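Each remark here refers to the structure printed beneath this line.
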Amino acid sequence: MPHVLSVRSFVRHTLFAASTVGLCASCASAIPVGTPARPIGTPPSSASPSVQPSSQPALRWPVRTAEHIDLWLHAFALISEDTSRVRLYRNGYRDSLVVVKNQRNVLTSLDANRATLAKRLPLTGGYLQAQFLPFEFSNWDAMKYAIERFLQFEGDPRRAPDRETQARVALIASMFPTAADREWLRLFLAGVLDEQDRFFNAEHSRVIRTRAAVITSVDSLWQQVYRTKFERFLNNTSQRQGDLLLSLPIGGEGRTASGPNRQTMVAVPFPARSDDAVQVLYVLAHEITGSLVGTVVTDNTTPAEQRAGTADRYVSMGQVQAGAMLLAAIAPELRDGYVRYYVEQANIRSSGMTAYNALFDYGFALPPAIREALQRQIDIILSGI
């Protein structure tokens, strides 16, 4: 994400800096995120099983799913009020799951404590930063272990027994620095564990199974058609290796962070139908251009605009515009679909205006200087200069 101003942009770069640390074309189910080595912060007794070496070369930017990332974002979605112009979470996600849980007569401690947990969310940006925490871990066991050690040591990394755990405790402490924050996290973690046990694991597995054909469609579209078209931009922005994560809770805003092996991880919406597989590419374009938007906005706004939050808004609008610019250059056949997708995601309406391109420029308006600078940066990156 962009380097400055917005909470979400600050989050992405905080997590990139703070840590010390696919579905292949013939497959019918996504490859879960994981590594053969012991995940950082995991006790030795829960080390991952060994994996036999493969003669197949590793896929570049494989399509994957990650249950622990979905679980954490799912929990945040259930307690959040998503008022972003482009939604952080899938439209109607929480309401649809409330219906499912009511039908199954499931009420977890996360549901019961929703109001208490939601009350503190707006008080500090650290809680929003914490949405990105699971990207740092290979699996849920490693993440749970790190959070439990953080709570056990009362947020003090000096009490951790080794450097890896110290780094994890310090990272979590940057998001939850006070005793009140730690108590919130303790309550939230208990809710996540109850949600996982009583509802999420079974439901997540069920949905992944029912969408096997969607995963295959996304993977084929990406690996066989469009990855090479994105490759120059990815290479020239130091995103040569990454994971494309299909995530059930994610909306059009997407999420990007650095993974446990320092690869770029981009979480995109998980379409319900194969016919919507192209939407994954729309959100990918929106996300991978994010790192250049913050610098452009900073260079083209005044300190007063930055203090007033105007630059913050330009960062959000600029990322949507930058994704359209990138597609116009590398895959112009996708641009109109991208424009329509983000107009509909943001529910943009204007009296007397019906054309999607006009609604797009109206709803994601930018000063000419920022727009032109974004276009120049994308042209420079694609030219290899």
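Letters A, B, ... go to the chains of the structure tokens in the order shown; residues in each chain start at 1; ligands are counted from 1 in the same order.
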- Message: Using DSSP secondary structure from the backbone, list all helix (DSSP H, G or I) positions within segment 173-290 of chain A, as a PyMOL selection string.
- Response: chain A and resi 173-175+179-210+212-236+274-276+279-288+290
Writer output for current selection, C-alpha atoms, as a CSV table (one decimal), in the first residue's frame:
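Written out: again30.csv:
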```
chain,number,residue,atom,x,y,z
A,173,ALA,CA,3.2,-4.9,21.1
A,174,SER,CA,3.3,-2.2,18.4
A,175,MET,CA,-0.3,-2.9,17.7
A,179,ALA,CA,-2.8,-3.1,29.3
A,180,ALA,CA,-6.3,-2.3,28.0
A,181,ASP,CA,-5.2,-3.2,24.5
A,182,ARG,CA,-3.9,-6.6,25.8
A,183,GLU,CA,-7.2,-7.3,27.5
A,184,TRP,CA,-9.0,-6.5,24.3
A,185,LEU,CA,-6.7,-8.9,22.4
A,186,ARG,CA,-7.2,-11.6,25.1
A,187,LEU,CA,-11.0,-11.4,24.7
A,188,PHE,CA,-10.8,-11.3,20.9
A,189,LEU,CA,-8.5,-14.3,20.8
A,190,ALA,CA,-10.9,-16.3,23.0
A,191,GLY,CA,-13.7,-15.4,20.6
A,192,VAL,CA,-11.6,-16.3,17.5
A,193,LEU,CA,-10.8,-19.7,19.1
A,194,ASP,CA,-14.5,-20.4,19.9
A,195,GLU,CA,-15.6,-19.2,16.4
A,196,GLN,CA,-13.0,-21.5,14.8
A,197,ASP,CA,-14.0,-24.5,16.8
A,198,ARG,CA,-17.8,-24.2,16.6
A,199,PHE,CA,-18.3,-22.7,13.2
A,200,PHE,CA,-15.5,-21.5,11.0
A,201,ASN,CA,-13.4,-24.6,10.4
A,202,ALA,CA,-16.3,-26.7,9.1
A,203,GLU,CA,-17.8,-23.8,7.1
A,204,HIS,CA,-14.6,-22.7,5.5
A,205,SER,CA,-13.8,-26.3,4.4
A,206,ARG,CA,-17.3,-26.7,3.0
A,207,VAL,CA,-17.1,-23.5,0.9
A,208,ILE,CA,-13.6,-24.3,-0.4
A,209,ARG,CA,-14.8,-27.7,-1.5
A,210,THR,CA,-17.8,-26.3,-3.3
A,212,ALA,CA,-13.1,-26.1,-6.5
A,213,ALA,CA,-14.1,-25.2,-10.0
A,214,VAL,CA,-13.8,-21.5,-9.3
A,215,ILE,CA,-10.2,-22.1,-8.0
A,216,THR,CA,-9.4,-24.0,-11.2
A,217,SER,CA,-10.8,-21.2,-13.4
A,218,VAL,CA,-8.9,-18.5,-11.5
A,219,ASP,CA,-5.7,-20.4,-11.7
A,220,SER,CA,-6.0,-21.1,-15.4
A,221,LEU,CA,-6.9,-17.5,-16.2
A,222,TRP,CA,-3.9,-16.2,-14.1
A,223,GLN,CA,-1.2,-18.7,-14.9
A,224,GLN,CA,-2.0,-19.5,-18.5
A,225,VAL,CA,-3.1,-16.1,-19.7
A,226,TYR,CA,-2.4,-13.0,-17.6
A,227,ARG,CA,0.6,-13.7,-15.3
A,228,THR,CA,3.0,-12.9,-18.2
A,229,LYS,CA,1.1,-9.7,-18.9
A,230,PHE,CA,1.6,-8.6,-15.3
A,231,GLU,CA,5.1,-9.9,-15.1
A,232,ARG,CA,7.0,-6.8,-16.2
A,233,PHE,CA,5.3,-4.5,-13.7
A,234,LEU,CA,5.8,-7.1,-10.9
A,235,ASN,CA,9.4,-7.6,-11.7
A,236,ASN,CA,10.2,-3.9,-11.9
A,274,SER,CA,-16.2,-19.3,-12.3
A,275,ASP,CA,-17.7,-16.6,-14.5
A,276,ASP,CA,-16.4,-14.0,-12.0
A,279,GLN,CA,-12.5,-10.1,-10.6
A,280,VAL,CA,-9.4,-11.5,-9.0
A,281,LEU,CA,-7.3,-9.8,-11.6
A,282,TYR,CA,-9.1,-6.5,-11.0
A,283,VAL,CA,-8.3,-6.5,-7.3
A,284,LEU,CA,-4.7,-7.7,-8.0
A,285,ALA,CA,-4.1,-4.7,-10.3
A,286,HIS,CA,-5.6,-2.4,-7.6
A,287,GLU,CA,-3.2,-3.9,-4.9
A,288,ILE,CA,0.1,-4.2,-6.7
A,290,GLY,CA,-0.4,0.6,-4.2
```
List as a tab-separated table (two decimals) with C-alpha atoms, in the first residue's frame the protein and nucleic acid residues near Gln131 of chain A, meaning an atom at most 9 Å away when only C-alpha atoms are counted, but skip any in the same chain fewer than 5 places from it.
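Result file selection_0.tsv:
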```
chain	number	residue	atom	x	y	z
A	11	VAL	CA	-0.32	-0.81	8.17
A	69	ILE	CA	-5.74	-15.54	7.28
A	72	TRP	CA	-8.57	-13.73	11.43
A	73	LEU	CA	-10.15	-11.46	8.80
A	76	PHE	CA	-12.57	-8.75	12.26
```
Which residues are close to Ile147 of chain A, i.e. within 9 Å by only C-alpha atoms, leaving aside same-chain residues fewer than 3 positions away? Reply as a PDB file with N, CA, C and O atoms, in the first residue's frame.
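Once written, selection-v7.pdb looks like this:
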```
ATOM      1  N   ALA A 142       1.230 -21.260  14.639  1.00  0.00           N
ATOM      2  CA  ALA A 142       2.337 -20.325  14.855  1.00  0.00           C
ATOM      3  C   ALA A 142       1.830 -18.972  15.324  1.00  0.00           C
ATOM      4  O   ALA A 142       2.403 -18.347  16.218  1.00  0.00           O
ATOM      5  N   MET A 143       0.743 -18.522  14.745  1.00  0.00           N
ATOM      6  CA  MET A 143       0.191 -17.219  15.118  1.00  0.00           C
ATOM      7  C   MET A 143      -0.391 -17.251  16.528  1.00  0.00           C
ATOM      8  O   MET A 143      -0.138 -16.351  17.338  1.00  0.00           O
ATOM      9  N   LYS A 144      -1.129 -18.281  16.837  1.00  0.00           N
ATOM     10  CA  LYS A 144      -1.724 -18.421  18.167  1.00  0.00           C
ATOM     11  C   LYS A 144      -0.632 -18.479  19.238  1.00  0.00           C
ATOM     12  O   LYS A 144      -0.737 -17.847  20.302  1.00  0.00           O
ATOM     13  N   PHE A 150       2.835 -13.298  23.771  1.00  0.00           N
ATOM     14  CA  PHE A 150       2.707 -11.852  23.967  1.00  0.00           C
ATOM     15  C   PHE A 150       1.861 -11.552  25.199  1.00  0.00           C
ATOM     16  O   PHE A 150       2.228 -10.710  26.035  1.00  0.00           O
ATOM     17  N   LEU A 151       0.741 -12.239  25.346  1.00  0.00           N
ATOM     18  CA  LEU A 151      -0.119 -12.015  26.504  1.00  0.00           C
ATOM     19  C   LEU A 151       0.544 -12.516  27.779  1.00  0.00           C
ATOM     20  O   LEU A 151       0.466 -11.871  28.834  1.00  0.00           O
ATOM     21  N   GLN A 152       1.221 -13.641  27.705  1.00  0.00           N
ATOM     22  CA  GLN A 152       1.907 -14.198  28.874  1.00  0.00           C
ATOM     23  C   GLN A 152       2.990 -13.243  29.382  1.00  0.00           C
ATOM     24  O   GLN A 152       3.141 -13.060  30.594  1.00  0.00           O
ATOM     25  N   ARG A 168       8.425 -11.404  17.481  1.00  0.00           N
ATOM     26  CA  ARG A 168       6.964 -11.529  17.341  1.00  0.00           C
ATOM     27  C   ARG A 168       6.245 -10.735  18.423  1.00  0.00           C
ATOM     28  O   ARG A 168       5.255 -10.050  18.164  1.00  0.00           O
ATOM     29  N   VAL A 169       6.740 -10.841  19.648  1.00  0.00           N
ATOM     30  CA  VAL A 169       6.117 -10.102  20.749  1.00  0.00           C
ATOM     31  C   VAL A 169       6.224  -8.600  20.498  1.00  0.00           C
ATOM     32  O   VAL A 169       5.259  -7.849  20.715  1.00  0.00           O
ATOM     33  N   ILE A 172       3.613  -7.533  17.834  1.00  0.00           N
ATOM     34  CA  ILE A 172       2.253  -7.473  18.363  1.00  0.00           C
ATOM     35  C   ILE A 172       2.122  -6.313  19.344  1.00  0.00           C
ATOM     36  O   ILE A 172       1.080  -5.633  19.391  1.00  0.00           O
ATOM     37  N   LEU A 185      -7.266  -7.847  23.230  1.00  0.00           N
ATOM     38  CA  LEU A 185      -6.743  -8.935  22.411  1.00  0.00           C
ATOM     39  C   LEU A 185      -7.018 -10.288  23.060  1.00  0.00           C
ATOM     40  O   LEU A 185      -7.332 -11.265  22.368  1.00  0.00           O
ATOM     41  N   ARG A 186      -6.937 -10.345  24.385  1.00  0.00           N
ATOM     42  CA  ARG A 186      -7.229 -11.599  25.086  1.00  0.00           C
ATOM     43  C   ARG A 186      -8.680 -12.032  24.835  1.00  0.00           C
ATOM     44  O   ARG A 186      -8.957 -13.191  24.541  1.00  0.00           O
ATOM     45  N   LEU A 189      -9.037 -13.010  21.073  1.00  0.00           N
ATOM     46  CA  LEU A 189      -8.466 -14.319  20.781  1.00  0.00           C
ATOM     47  C   LEU A 189      -9.380 -15.433  21.274  1.00  0.00           C
ATOM     48  O   LEU A 189      -9.590 -16.433  20.574  1.00  0.00           O
TER      49      LEU A 189
END
```
- Which residue of A:Glu148, A:Asp141, A:Glu333, A:Glu136 approaches Gly259 of chain A most closely, using only C-alpha atoms: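 Residue with the minimum atom-to-atom distance to Gly259 of chain A: A:Glu136.
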- Select, from A:Thr295, A:Ser138, A:Thr116, A:Asp361, the residue with the minimum atom-to-atom distance to Arg262 of chain A, counting only C-alpha atoms. A:Ser138
- Task: Could you please determine the separation between atom CA of Asp70 of chain A and atom CA of Leu245 of chain A in Å, to one decimal place?
- Result: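 If I compute the distance from atom CA of Asp70 of chain A to atom CA of Leu245 of chain A, I get 9.7 Å.
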